[in-house]
file coords_20.txt (compact mmCIF, C-alpha atoms)
# COMPACT_ATOMS: atom_id res chain seq x y z
CA MET A 22 14.42 98.30 -24.15
CA SER A 23 10.85 98.03 -25.30
CA ASN A 24 8.75 94.91 -24.97
CA THR A 25 8.49 94.67 -28.72
CA SER A 26 12.23 94.56 -29.27
CA PHE A 27 12.61 91.92 -26.47
CA THR A 28 9.99 89.71 -28.02
CA ASP A 29 11.55 89.97 -31.44
CA LYS A 30 14.91 89.08 -29.98
CA ALA A 31 13.44 86.00 -28.22
CA ARG A 32 11.83 84.91 -31.42
CA ARG A 33 15.11 85.20 -33.29
CA ILE A 34 16.90 83.15 -30.61
CA GLY A 35 14.16 80.49 -30.64
CA SER A 36 14.29 80.31 -34.41
CA ILE A 37 18.03 79.82 -34.28
CA MET A 38 17.73 77.02 -31.66
CA ILE A 39 15.10 75.24 -33.73
CA ARG A 40 17.31 75.38 -36.80
CA ILE A 41 20.21 74.01 -34.75
CA LEU A 42 18.13 71.11 -33.35
CA ARG A 43 16.70 70.38 -36.78
CA HIS A 44 20.17 70.24 -38.20
CA ILE A 45 21.30 67.88 -35.43
CA LEU A 46 18.32 65.56 -35.89
CA LEU A 47 18.57 65.55 -39.67
CA HIS A 48 22.32 65.25 -40.01
CA ASN A 49 23.57 63.44 -36.83
CA GLY A 50 22.14 59.88 -36.86
CA TRP A 51 24.36 58.61 -34.07
CA VAL A 52 22.93 61.22 -31.75
CA LYS A 53 19.42 60.06 -32.58
CA LEU A 54 20.35 56.37 -32.00
CA LEU A 55 21.91 57.23 -28.67
CA ALA A 56 18.82 59.10 -27.65
CA VAL A 57 16.60 56.16 -28.53
CA MET A 58 18.80 53.72 -26.57
CA ILE A 59 18.83 55.96 -23.53
CA SER A 60 15.05 56.20 -23.74
CA LEU A 61 14.67 52.43 -23.91
CA VAL A 62 16.94 51.89 -20.92
CA LEU A 63 15.08 54.44 -18.88
CA TRP A 64 11.76 52.92 -19.91
CA ALA A 65 12.84 49.40 -19.05
CA GLY A 66 14.13 50.51 -15.67
CA LEU A 67 10.93 52.28 -14.84
CA ILE A 68 8.78 49.34 -15.97
CA SER A 69 10.77 46.75 -14.00
CA GLN A 70 10.39 48.75 -10.82
CA ASP A 71 6.65 49.24 -11.22
CA GLU A 72 4.96 46.30 -9.43
CA SER A 73 1.57 47.37 -10.70
CA LEU A 74 2.63 46.22 -14.17
CA THR A 75 2.45 42.41 -14.74
CA ARG A 76 3.19 39.91 -17.46
CA GLU A 77 1.55 36.54 -18.01
CA LYS A 78 3.74 33.46 -17.47
CA THR A 79 2.63 29.90 -18.22
CA TRP A 80 3.98 26.59 -16.87
CA GLN A 81 3.23 23.16 -18.33
CA ASN A 82 2.96 19.85 -16.43
CA VAL A 83 2.93 21.55 -13.03
CA ASN A 84 3.00 19.54 -9.82
CA VAL A 85 -0.47 19.48 -8.26
CA SER A 86 -0.53 18.44 -4.60
CA VAL A 87 -3.41 16.59 -2.95
CA SER A 88 -4.61 17.79 0.47
CA GLY A 89 -7.42 16.85 2.83
CA SER A 90 -7.03 13.08 2.44
CA GLU A 91 -7.31 12.29 6.16
CA THR A 92 -10.30 14.60 6.60
CA MET A 93 -11.99 12.89 3.66
CA LYS A 94 -11.47 9.46 5.26
CA ARG A 95 -12.77 10.67 8.62
CA ASN A 96 -15.89 11.65 6.72
CA HIS A 97 -16.04 8.03 5.41
CA PHE A 98 -15.21 8.78 1.77
CA ILE A 99 -12.36 7.69 -0.53
CA VAL A 100 -11.46 8.59 -4.12
CA VAL A 101 -11.11 5.47 -6.26
CA SER A 102 -10.09 7.31 -9.45
CA ASP A 103 -6.41 7.54 -10.42
CA LEU A 104 -5.49 11.06 -9.25
CA ASP A 105 -1.97 10.78 -10.66
CA GLU A 106 -3.38 10.23 -14.12
CA LEU A 107 -5.99 12.98 -13.80
CA LEU A 108 -3.38 15.51 -12.63
CA ASP A 109 -0.66 14.41 -15.03
CA ASN A 110 -0.91 17.29 -17.54
CA VAL A 111 -1.98 20.52 -15.81
CA SER A 112 -0.91 23.95 -17.07
CA VAL A 113 -1.03 27.16 -15.04
CA THR A 114 -0.90 30.81 -16.11
CA ALA A 115 -0.16 33.59 -13.61
CA ALA A 116 0.03 37.41 -13.73
CA VAL A 117 3.60 37.98 -12.54
CA PRO A 118 5.02 41.40 -11.53
CA GLN A 119 7.66 42.56 -14.04
CA LYS A 120 10.34 42.67 -11.37
CA GLN A 121 9.81 38.97 -10.40
CA TYR A 122 9.10 37.54 -13.84
CA GLU A 123 12.34 35.56 -14.24
CA GLN A 124 12.31 34.17 -10.71
CA ALA A 125 8.65 33.16 -10.63
CA ASP A 126 7.90 29.41 -10.40
CA SER A 127 4.62 27.51 -10.27
CA SER A 128 5.44 26.16 -6.80
CA ALA A 129 4.88 29.66 -5.40
CA TYR A 130 1.11 29.34 -5.94
CA ASN A 131 0.48 26.02 -4.09
CA ILE A 132 -1.52 24.40 -6.88
CA ARG A 133 -3.70 21.69 -5.28
CA VAL A 134 -6.96 19.79 -5.02
CA ASP A 135 -8.66 19.60 -1.63
CA LEU A 136 -10.24 16.22 -0.91
CA SER A 137 -11.78 17.46 2.35
CA ARG A 138 -14.46 19.18 0.26
CA ILE A 139 -15.92 15.84 -0.85
CA SER A 140 -19.36 15.35 0.68
CA GLY A 141 -20.84 12.32 -1.07
CA THR A 142 -20.23 9.12 -3.03
CA GLY A 143 -20.47 8.65 -6.77
CA PRO A 144 -19.18 11.08 -9.45
CA GLN A 145 -17.73 14.25 -7.90
CA GLU A 146 -16.16 17.40 -9.36
CA LEU A 147 -13.01 18.78 -7.71
CA LYS A 148 -11.69 22.26 -8.49
CA ILE A 149 -7.95 22.80 -8.91
CA ILE A 150 -7.23 25.71 -6.58
CA SER A 151 -4.25 27.97 -5.92
CA THR A 152 -3.01 30.58 -3.44
CA ALA A 153 -2.02 34.11 -4.47
CA SER A 154 1.56 35.16 -3.71
CA ASN A 155 2.44 38.61 -2.39
CA THR A 156 5.69 38.40 -4.30
CA TYR A 157 4.79 36.57 -7.50
CA GLY A 158 1.19 37.60 -8.09
CA LYS A 159 -1.75 35.27 -8.64
CA VAL A 160 -2.92 32.51 -10.96
CA THR A 161 -5.24 33.72 -13.72
CA ASN A 162 -5.94 30.42 -15.50
CA THR A 163 -5.62 26.67 -14.90
CA VAL A 164 -6.13 23.99 -17.54
CA PRO A 165 -8.01 21.89 -16.64
CA SER A 166 -9.71 23.93 -13.94
CA VAL A 167 -11.59 20.91 -12.51
CA ILE A 168 -11.23 17.13 -12.45
CA ASN A 169 -14.02 14.53 -12.25
CA VAL A 170 -13.48 11.68 -9.76
CA GLU A 171 -15.39 8.65 -8.51
CA VAL A 172 -15.92 8.43 -4.75
CA GLU A 173 -16.82 5.37 -2.64
CA GLU A 174 -17.58 4.75 1.00
CA TYR A 175 -14.40 4.41 3.11
CA MET A 176 -14.44 1.29 5.28
CA VAL A 177 -12.14 -0.12 8.00
CA ARG A 178 -12.14 -3.78 9.00
CA GLN A 179 -10.59 -4.34 12.41
CA ARG A 180 -8.92 -7.39 14.01
CA LEU A 181 -8.20 -9.47 10.91
CA PRO A 182 -5.89 -12.36 11.97
CA VAL A 183 -2.65 -13.06 10.11
CA SER A 184 -1.67 -16.66 9.36
CA VAL A 185 1.62 -18.12 8.11
CA THR A 186 2.10 -20.93 5.60
CA VAL A 187 5.25 -22.48 4.16
CA THR A 188 4.84 -22.80 0.40
CA GLY A 189 6.93 -24.32 -2.35
CA GLU A 190 9.39 -27.21 -2.27
CA TYR A 191 12.77 -27.40 -0.63
CA GLN A 192 15.51 -29.26 -2.47
CA ASN A 193 14.90 -33.01 -2.36
CA GLY A 194 12.00 -32.40 0.01
CA TRP A 195 14.49 -32.14 2.87
CA TYR A 196 12.44 -29.60 4.81
CA LYS A 197 9.72 -32.21 5.35
CA ASP A 198 11.98 -33.75 7.97
CA TRP A 199 11.64 -30.55 9.97
CA TYR A 200 8.62 -28.89 11.48
CA MET A 201 7.68 -25.29 12.29
CA PRO A 202 5.01 -25.51 15.03
CA ASN A 203 2.57 -22.61 15.16
CA PRO A 204 4.81 -19.62 14.32
CA SER A 205 4.06 -16.50 16.34
CA VAL A 206 3.22 -13.41 14.30
CA ASP A 207 3.70 -9.83 15.42
CA PRO A 208 1.29 -8.18 14.99
CA ALA A 209 -1.15 -11.09 15.01
CA LEU A 210 -4.12 -8.86 14.19
CA ILE A 211 -4.28 -6.10 11.60
CA ALA A 212 -6.78 -3.55 10.32
CA VAL A 213 -7.56 -3.26 6.61
CA SER A 214 -9.01 -0.04 5.18
CA GLY A 215 -10.06 1.19 1.75
CA PRO A 216 -13.07 1.29 -0.57
CA SER A 217 -15.95 -0.71 0.87
CA SER A 218 -16.29 -2.66 -2.40
CA LEU A 219 -12.81 -4.11 -1.83
CA VAL A 220 -12.69 -4.39 1.96
CA LYS A 221 -15.93 -6.38 2.09
CA THR A 222 -14.42 -9.08 -0.12
CA ILE A 223 -11.39 -9.73 2.11
CA SER A 224 -11.66 -12.82 4.30
CA ARG A 225 -8.12 -13.43 5.49
CA ALA A 226 -4.57 -12.15 5.68
CA LYS A 227 -1.65 -14.50 5.08
CA VAL A 228 2.12 -14.53 4.92
CA ASP A 229 3.73 -17.05 2.58
CA LEU A 230 7.20 -18.25 3.50
CA ASP A 231 9.45 -19.69 0.81
CA PRO A 232 11.37 -22.67 2.26
CA GLU A 233 14.42 -21.63 0.27
CA SER A 234 14.54 -18.26 2.03
CA PHE A 235 15.82 -19.67 5.34
CA GLU A 236 17.86 -22.53 6.71
CA TRP A 237 15.97 -25.48 8.13
CA LYS A 238 17.79 -26.39 11.29
CA GLU A 239 16.82 -26.90 14.89
CA GLY A 240 16.44 -23.70 16.88
CA THR A 241 14.68 -20.35 16.94
CA PHE A 242 13.82 -18.86 13.59
CA LEU A 243 13.22 -15.11 13.04
CA THR A 244 12.21 -13.41 9.80
CA THR A 245 9.77 -10.95 8.28
CA GLY A 246 7.04 -11.73 5.79
CA GLU A 247 4.96 -9.64 3.44
CA ILE A 248 1.24 -9.56 4.15
CA SER A 249 -1.12 -10.66 1.38
CA LEU A 250 -4.89 -10.28 1.43
CA TYR A 251 -7.29 -12.88 0.03
CA ASN A 252 -11.01 -13.06 -0.70
CA ARG A 253 -13.36 -15.93 0.12
CA ALA A 254 -12.54 -17.65 -3.17
CA GLY A 255 -8.87 -17.78 -2.21
CA GLU A 256 -7.92 -15.12 -4.78
CA LYS A 257 -5.35 -12.50 -3.90
CA VAL A 258 -6.73 -8.98 -3.47
CA SER A 259 -4.25 -6.22 -4.27
CA SER A 260 -4.85 -2.48 -4.72
CA PRO A 261 -2.97 0.75 -3.89
CA LEU A 262 -6.23 1.94 -2.34
CA LEU A 263 -6.04 -0.70 0.41
CA GLY A 264 -4.18 0.15 3.59
CA ILE A 265 -2.90 -2.20 6.31
CA THR A 266 -2.38 -0.75 9.79
CA THR A 267 -1.75 -1.78 13.36
CA GLU A 268 -2.36 0.71 16.15
CA SER A 269 -2.73 3.42 13.47
CA LEU A 270 0.72 2.65 11.99
CA SER A 271 0.91 1.61 8.33
CA ILE A 272 2.67 -1.73 7.76
CA ASP A 273 3.17 -4.22 4.93
CA THR A 274 5.16 -6.92 6.75
CA VAL A 275 4.99 -8.82 10.05
CA LEU A 276 7.66 -10.33 12.28
CA ILE A 277 7.61 -14.14 12.40
CA GLU A 278 9.19 -16.19 15.18
CA ALA A 279 9.14 -19.96 15.45
CA ASN A 280 11.02 -22.94 16.83
CA ILE A 281 12.13 -25.28 14.08
CA LEU A 282 12.17 -28.89 15.23
CA PRO A 283 13.26 -32.09 13.50
CA ALA A 284 10.38 -34.45 12.83
CA LYS A 285 9.81 -38.18 12.55
CA THR A 286 6.86 -39.98 10.92
CA PHE A 287 5.44 -43.28 12.23
CA ASP A 288 3.16 -45.74 10.47
CA VAL A 289 -0.01 -46.31 12.52
CA LEU A 290 -1.63 -49.28 10.74
CA ASN A 291 0.92 -51.81 11.87
CA LEU A 292 0.85 -50.62 15.50
CA ILE A 293 -2.82 -51.20 16.31
CA GLU A 294 -3.70 -54.40 18.18
CA TYR A 295 -7.25 -55.78 17.94
CA GLN A 296 -8.40 -57.92 20.86
CA GLY A 297 -11.60 -59.83 21.61
CA GLU A 298 -14.43 -61.15 19.46
CA VAL A 299 -17.59 -59.41 18.30
CA SER A 300 -20.94 -60.66 19.57
CA PRO A 301 -22.13 -64.02 18.25
CA GLY A 302 -24.09 -63.68 15.03
CA TYR A 303 -22.11 -60.61 13.91
CA ARG A 304 -19.09 -60.17 11.78
CA ILE A 305 -16.56 -57.41 11.01
CA VAL A 306 -17.01 -55.80 7.58
CA SER A 307 -14.10 -53.36 7.65
CA LYS A 308 -11.54 -51.58 9.78
CA LYS A 309 -10.60 -47.98 8.93
CA VAL A 310 -7.78 -46.06 10.58
CA SER A 311 -7.36 -42.27 10.35
CA PRO A 312 -4.76 -40.96 10.05
CA GLU A 313 -2.63 -43.81 8.83
CA SER A 314 0.59 -42.08 9.95
CA ILE A 315 1.58 -39.62 12.72
CA THR A 316 4.40 -37.11 12.61
CA ILE A 317 6.09 -36.02 15.82
CA ALA A 318 8.32 -32.95 16.01
CA ALA A 319 10.59 -32.68 19.01
CA ARG A 320 14.14 -31.90 20.02
CA GLY A 321 16.75 -34.00 18.32
CA GLU A 322 17.79 -35.86 21.48
CA VAL A 323 14.15 -36.80 22.15
CA LEU A 324 13.58 -38.22 18.66
CA GLU A 325 16.79 -40.22 18.83
CA GLN A 326 15.39 -42.21 21.74
CA MET A 327 12.05 -42.93 20.05
CA GLU A 328 11.84 -46.31 18.37
CA GLU A 329 8.05 -46.44 17.98
CA LEU A 330 4.98 -44.23 18.27
CA PRO A 331 3.76 -43.76 21.88
CA LEU A 332 0.18 -44.82 21.11
CA ASP A 333 -2.61 -46.40 23.15
CA ARG A 334 -2.81 -49.18 20.58
CA ILE A 335 -5.34 -51.66 22.00
CA VAL A 336 -8.76 -51.84 20.27
CA ASN A 337 -11.15 -54.04 22.26
CA LEU A 338 -13.73 -55.70 19.99
CA GLN A 339 -15.22 -57.89 22.71
CA ASN A 340 -19.00 -58.35 22.26
CA ILE A 341 -19.64 -55.34 20.02
CA SER A 342 -22.70 -55.73 17.80
CA GLU A 343 -22.70 -52.50 15.82
CA THR A 344 -20.29 -50.23 14.01
CA THR A 345 -18.04 -48.67 16.67
CA VAL A 346 -15.56 -45.81 16.64
CA PHE A 347 -12.50 -45.97 18.89
CA GLN A 348 -10.30 -42.99 19.82
CA LEU A 349 -6.68 -43.87 20.56
CA LYS A 350 -4.58 -41.23 22.25
CA VAL A 351 -1.05 -40.44 21.11
CA GLN A 352 1.30 -39.55 23.95
CA LYS A 353 3.74 -36.65 23.72
CA PRO A 354 7.34 -37.76 24.14
CA SER A 355 8.19 -34.39 25.75
CA ASP A 356 6.36 -31.24 26.84
CA ASP A 357 7.58 -29.21 23.86
CA ALA A 358 6.86 -31.92 21.29
CA VAL A 359 4.32 -31.24 18.56
CA LEU A 360 2.03 -33.92 17.12
CA SER A 361 0.45 -33.85 13.69
CA ASN A 362 -2.56 -35.56 15.34
CA GLU A 363 -3.16 -36.18 19.01
CA THR A 364 -5.61 -39.03 18.43
CA VAL A 365 -6.04 -41.90 16.02
CA THR A 366 -9.59 -42.82 15.01
CA VAL A 367 -10.36 -46.48 14.36
CA THR A 368 -13.75 -47.26 12.84
CA VAL A 369 -14.80 -50.92 13.00
CA GLU A 370 -17.84 -51.65 10.83
CA VAL A 371 -19.90 -54.56 12.15
CA THR A 372 -22.96 -56.17 10.61
CA ALA A 373 -25.20 -59.12 11.37
CA ASP A 374 -23.93 -62.41 9.97
CA GLU A 375 -26.81 -63.57 7.77
CA THR A 376 -25.29 -67.02 7.32
call {"tool": "encode", "arguments": {"input": "coords_20.txt", "output": "structure tokens"}}
result
Amino acid sequence: MSNTSFTDKARRIGSIMIRILRHILLHNGWVKLLAVMISLVLWAGLISQDESLTREKTWQNVNVSVSGSETMKRNHFIVVSDLDELLDNVSVTAAVPQKQYEQADSSAYNIRVDLSRISGTGPQELKIISTASNTYGKVTNTVPSVINVEVEEYMVRQRLPVSVTVTGEYQNGWYKDWYMPNPSVDPALIAVSGPSSLVKTISRAKVDLDPESFEWKEGTFLTTGEISLYNRAGEKVSSPLLGITTESLSIDTVLIEANILPAKTFDVLNLIEYQGEVSPGYRIVSKKVSPESITIAARGEVLEQMEELPLDRIVNLQNISETTVFQLKVQKPSDDAVLSNETVTVTVEVTADET
């Protein structure tokens, strides 16, 4: 068979096949639809397996963590701006591989601000940073990309004593018949830290006890109290930027222990005895006693035996010719008794008698 006849035959066969395919494409729509669907499936499968192909995915109101806080404080800086407010509405866009698009979440990129990068006080700009993920790709855009914060000097005040006071009124004033002598506080000393503008104003730490929060009866009393900070004007200082620590542990309360004792009050004025006469030519102008009453707290059985105040009550006026101050000592009825005052001061004012 010659080459010419073979070529003609091939052409005839090719022409026939083209006519057949043309007929199928023009007159068999379902075949065309099936072909398109198969093509789409194959394309989608190939695309989803190709990690070099990515799609952008955006998240709104993402959680932005804050790192480097301790390093910042060791460098003596502190952010006084409200970071929660500044980071409240952050959006992130990432280029996510097709295969991981549905599973990708913003937490995979560790969106954060690093406070350890702060190097000065005053207005500072902090960049919102992220970490690329081998599985989920990397962040391409963050809105906002930076935040502006105000920075102050970080200050720590050591060994601030904690005091305890009983405030408010107990029903019918009943608690006044009982006494809490010098409650012990644990810890007795605290450290206060925060912005220097706040820490410098703090003068004392105090725990206020409400008399209705415990039962006033003789015996050992244990409770906890919340620490409050006050400035020199007696105004309460409160801020989330202030920290209270003891031995590097953060605290907000202290343990209070005290012995509650019944108390008895004695009138002093009627107990003092004046003896002797002032020098001739002088006369007494006035007699002042301070305090005019003494309260003694002691065990119940001790108070029951007390009928009067154990006071050195004699004031000797013999031959005095000028105003004189006398100190009268009050005796303790027992070793564990507590006195509101241990001495009574009597001031006798004397002047020359001009008559």
call {"tool": "residues_around", "arguments": {"input": "coords_20.txt", "residues": "Gln352 (chain A)", "least_positions_apart": "4", "cutoff": "10 Å", "atoms": "all atoms listed in the file", "output": "PyMOL selection string"}}
result
chain A and resi 330-333+358+360+363-364
call {"tool": "closest_residue", "arguments": {"input": "coords_20.txt", "among": "A:Ser314, A:Gln296, A:Ser151, A:Ser224", "to": "Leu250 (chain A)", "atoms": "all atoms listed in the file"}}
result
A:Ser224
call {"tool": "residues_near_point", "arguments": {"input": "coords_20.txt", "point": "(-9.2, 10.9, 3.9)", "cutoff": "12 Å", "atoms": "all atoms listed in the file", "output": "ChimeraX atom specification"}}
result
/A:87-101,135-140,172-176,214-216,262,264
call {"tool": "residues_around", "arguments": {"input": "coords_20.txt", "residues": "Met201 (chain A)", "least_positions_apart": "2", "cutoff": "12 Å", "atoms": "all atoms listed in the file", "output": "JSON, numbers by chain"}}
result
{"A": [185, 186, 187, 196, 197, 198, 199, 203, 204, 205, 230, 232, 236, 237, 238, 239, 240, 241, 242, 243, 277, 278, 279, 280, 281, 282, 283, 284, 317, 318, 319, 358, 359, 360, 361]}
call {"tool": "atom_distance", "arguments": {"input": "coords_20.txt", "atom1": "CA of Asn131 (chain A)", "atom2": "CA of Asn110 (chain A)"}}
result
16.1 Å
call {"tool": "closest_residue", "arguments": {"input": "coords_20.txt", "among": "A:Val220, A:Ala209, A:Val85, A:Val183", "to": "Ile149 (chain A)", "atoms": "all atoms listed in the file"}}
result
A:Val85
call {"tool": "atom_distance", "arguments": {"input": "coords_20.txt", "atom1": "CA of Ser86 (chain A)", "atom2": "CA of Arg178 (chain A)"}}
result
28.5 Å
call {"tool": "decode", "arguments": {"input": "coords_20.txt", "residues": "region 164-263 of chain A", "atoms": "C-alpha atoms", "output": "PDB file, in the first residue's frame"}}
result
ATOM      1  CA  VAL A 164      -6.218  46.268  61.717  1.00  0.00           C
ATOM      2  CA  PRO A 165      -5.067  48.211  63.632  1.00  0.00           C
ATOM      3  CA  SER A 166      -1.438  47.266  63.107  1.00  0.00           C
ATOM      4  CA  VAL A 167      -0.202  49.368  66.063  1.00  0.00           C
ATOM      5  CA  ILE A 168      -1.619  50.806  69.283  1.00  0.00           C
ATOM      6  CA  ASN A 169      -0.532  53.985  71.091  1.00  0.00           C
ATOM      7  CA  VAL A 170      -0.062  53.695  74.870  1.00  0.00           C
ATOM      8  CA  GLU A 171       1.054  55.922  77.737  1.00  0.00           C
ATOM      9  CA  VAL A 172       3.940  54.617  79.849  1.00  0.00           C
ATOM     10  CA  GLU A 173       4.997  55.689  83.369  1.00  0.00           C
ATOM     11  CA  GLU A 174       7.817  54.806  85.705  1.00  0.00           C
ATOM     12  CA  TYR A 175       7.138  51.569  87.637  1.00  0.00           C
ATOM     13  CA  MET A 176       7.668  51.981  91.381  1.00  0.00           C
ATOM     14  CA  VAL A 177       7.631  49.603  94.379  1.00  0.00           C
ATOM     15  CA  ARG A 178       7.148  50.805  97.952  1.00  0.00           C
ATOM     16  CA  GLN A 179       8.347  48.265 100.494  1.00  0.00           C
ATOM     17  CA  ARG A 180       7.398  47.648 104.145  1.00  0.00           C
ATOM     18  CA  LEU A 181       4.113  49.538 104.330  1.00  0.00           C
ATOM     19  CA  PRO A 182       2.434  48.630 107.673  1.00  0.00           C
ATOM     20  CA  VAL A 183      -1.166  47.410 107.784  1.00  0.00           C
ATOM     21  CA  SER A 184      -3.478  48.680 110.528  1.00  0.00           C
ATOM     22  CA  VAL A 185      -6.930  47.482 111.611  1.00  0.00           C
ATOM     23  CA  THR A 186      -9.895  49.609 112.675  1.00  0.00           C
ATOM     24  CA  VAL A 187     -13.418  48.647 113.703  1.00  0.00           C
ATOM     25  CA  THR A 188     -15.872  50.901 111.888  1.00  0.00           C
ATOM     26  CA  GLY A 189     -19.618  51.340 112.013  1.00  0.00           C
ATOM     27  CA  GLU A 190     -22.069  50.782 114.857  1.00  0.00           C
ATOM     28  CA  TYR A 191     -23.151  47.553 116.448  1.00  0.00           C
ATOM     29  CA  GLN A 192     -26.792  47.233 117.456  1.00  0.00           C
ATOM     30  CA  ASN A 193     -27.537  49.353 120.518  1.00  0.00           C
ATOM     31  CA  GLY A 194     -23.834  50.107 120.805  1.00  0.00           C
ATOM     32  CA  TRP A 195     -23.352  46.760 122.529  1.00  0.00           C
ATOM     33  CA  TYR A 196     -19.870  46.205 121.129  1.00  0.00           C
ATOM     34  CA  LYS A 197     -18.593  49.186 123.132  1.00  0.00           C
ATOM     35  CA  ASP A 198     -18.715  46.940 126.191  1.00  0.00           C
ATOM     36  CA  TRP A 199     -16.071  44.779 124.551  1.00  0.00           C
ATOM     37  CA  TYR A 200     -12.550  45.554 123.484  1.00  0.00           C
ATOM     38  CA  MET A 201     -10.218  44.225 120.786  1.00  0.00           C
ATOM     39  CA  PRO A 202      -6.675  45.016 121.992  1.00  0.00           C
ATOM     40  CA  ASN A 203      -4.075  45.458 119.259  1.00  0.00           C
ATOM     41  CA  PRO A 204      -5.135  42.807 116.708  1.00  0.00           C
ATOM     42  CA  SER A 205      -2.240  40.980 115.076  1.00  0.00           C
ATOM     43  CA  VAL A 206      -2.125  41.168 111.291  1.00  0.00           C
ATOM     44  CA  ASP A 207      -0.496  38.628 109.002  1.00  0.00           C
ATOM     45  CA  PRO A 208       1.285  39.890 107.012  1.00  0.00           C
ATOM     46  CA  ALA A 209       1.917  43.041 109.029  1.00  0.00           C
ATOM     47  CA  LEU A 210       3.974  44.641 106.257  1.00  0.00           C
ATOM     48  CA  ILE A 211       3.164  44.735 102.552  1.00  0.00           C
ATOM     49  CA  ALA A 212       4.706  46.049  99.343  1.00  0.00           C
ATOM     50  CA  VAL A 213       2.713  48.273  96.989  1.00  0.00           C
ATOM     51  CA  SER A 214       3.682  48.574  93.319  1.00  0.00           C
ATOM     52  CA  GLY A 215       2.373  50.436  90.293  1.00  0.00           C
ATOM     53  CA  PRO A 216       2.720  53.758  88.470  1.00  0.00           C
ATOM     54  CA  SER A 217       4.919  56.145  90.422  1.00  0.00           C
ATOM     55  CA  SER A 218       2.233  58.854  90.233  1.00  0.00           C
ATOM     56  CA  LEU A 219      -0.075  56.635  92.308  1.00  0.00           C
ATOM     57  CA  VAL A 220       2.403  54.858  94.590  1.00  0.00           C
ATOM     58  CA  LYS A 221       3.928  58.143  95.775  1.00  0.00           C
ATOM     59  CA  THR A 222       0.541  59.301  97.079  1.00  0.00           C
ATOM     60  CA  ILE A 223      -0.056  56.261  99.303  1.00  0.00           C
ATOM     61  CA  SER A 224       0.649  56.834 102.995  1.00  0.00           C
ATOM     62  CA  ARG A 225      -0.994  53.886 104.723  1.00  0.00           C
ATOM     63  CA  ALA A 226      -2.726  50.549 104.350  1.00  0.00           C
ATOM     64  CA  LYS A 227      -5.770  49.728 106.446  1.00  0.00           C
ATOM     65  CA  VAL A 228      -8.309  46.987 107.014  1.00  0.00           C
ATOM     66  CA  ASP A 229     -11.789  48.057 108.107  1.00  0.00           C
ATOM     67  CA  LEU A 230     -13.758  45.558 110.167  1.00  0.00           C
ATOM     68  CA  ASP A 231     -17.540  45.827 110.287  1.00  0.00           C
ATOM     69  CA  PRO A 232     -18.719  45.055 113.848  1.00  0.00           C
ATOM     70  CA  GLU A 233     -21.725  43.243 112.425  1.00  0.00           C
ATOM     71  CA  SER A 234     -19.487  40.772 110.596  1.00  0.00           C
ATOM     72  CA  PHE A 235     -18.464  38.873 113.738  1.00  0.00           C
ATOM     73  CA  GLU A 236     -19.738  37.996 117.179  1.00  0.00           C
ATOM     74  CA  TRP A 237     -18.495  40.088 120.078  1.00  0.00           C
ATOM     75  CA  LYS A 238     -17.755  37.632 122.822  1.00  0.00           C
ATOM     76  CA  GLU A 239     -14.789  36.875 125.011  1.00  0.00           C
ATOM     77  CA  GLY A 240     -12.130  34.738 123.363  1.00  0.00           C
ATOM     78  CA  THR A 241      -9.872  34.496 120.331  1.00  0.00           C
ATOM     79  CA  PHE A 242     -11.176  36.058 117.165  1.00  0.00           C
ATOM     80  CA  LEU A 243      -9.960  35.052 113.666  1.00  0.00           C
ATOM     81  CA  THR A 244     -11.024  36.582 110.359  1.00  0.00           C
ATOM     82  CA  THR A 245      -9.725  38.009 107.104  1.00  0.00           C
ATOM     83  CA  GLY A 246      -9.951  41.603 105.969  1.00  0.00           C
ATOM     84  CA  GLU A 247      -9.586  43.327 102.629  1.00  0.00           C
ATOM     85  CA  ILE A 248      -6.674  45.743 102.339  1.00  0.00           C
ATOM     86  CA  SER A 249      -7.449  49.335 101.378  1.00  0.00           C
ATOM     87  CA  LEU A 250      -4.874  51.968 100.469  1.00  0.00           C
ATOM     88  CA  TYR A 251      -5.143  55.626 101.473  1.00  0.00           C
ATOM     89  CA  ASN A 252      -3.331  58.850 100.625  1.00  0.00           C
ATOM     90  CA  ARG A 253      -2.173  61.529 103.054  1.00  0.00           C
ATOM     91  CA  ALA A 254      -5.544  63.274 102.854  1.00  0.00           C
ATOM     92  CA  GLY A 255      -7.279  60.121 104.072  1.00  0.00           C
ATOM     93  CA  GLU A 256      -8.811  59.421 100.649  1.00  0.00           C
ATOM     94  CA  LYS A 257      -9.007  55.874  99.375  1.00  0.00           C
ATOM     95  CA  VAL A 258      -6.682  55.090  96.463  1.00  0.00           C
ATOM     96  CA  SER A 259      -7.939  52.351  94.159  1.00  0.00           C
ATOM     97  CA  SER A 260      -6.661  51.308  90.719  1.00  0.00           C
ATOM     98  CA  PRO A 261      -6.249  48.017  88.802  1.00  0.00           C
ATOM     99  CA  LEU A 262      -2.686  49.177  88.104  1.00  0.00           C
ATOM    100  CA  LEU A 263      -1.752  48.933  91.800  1.00  0.00           C
TER     101      LEU A 263
END
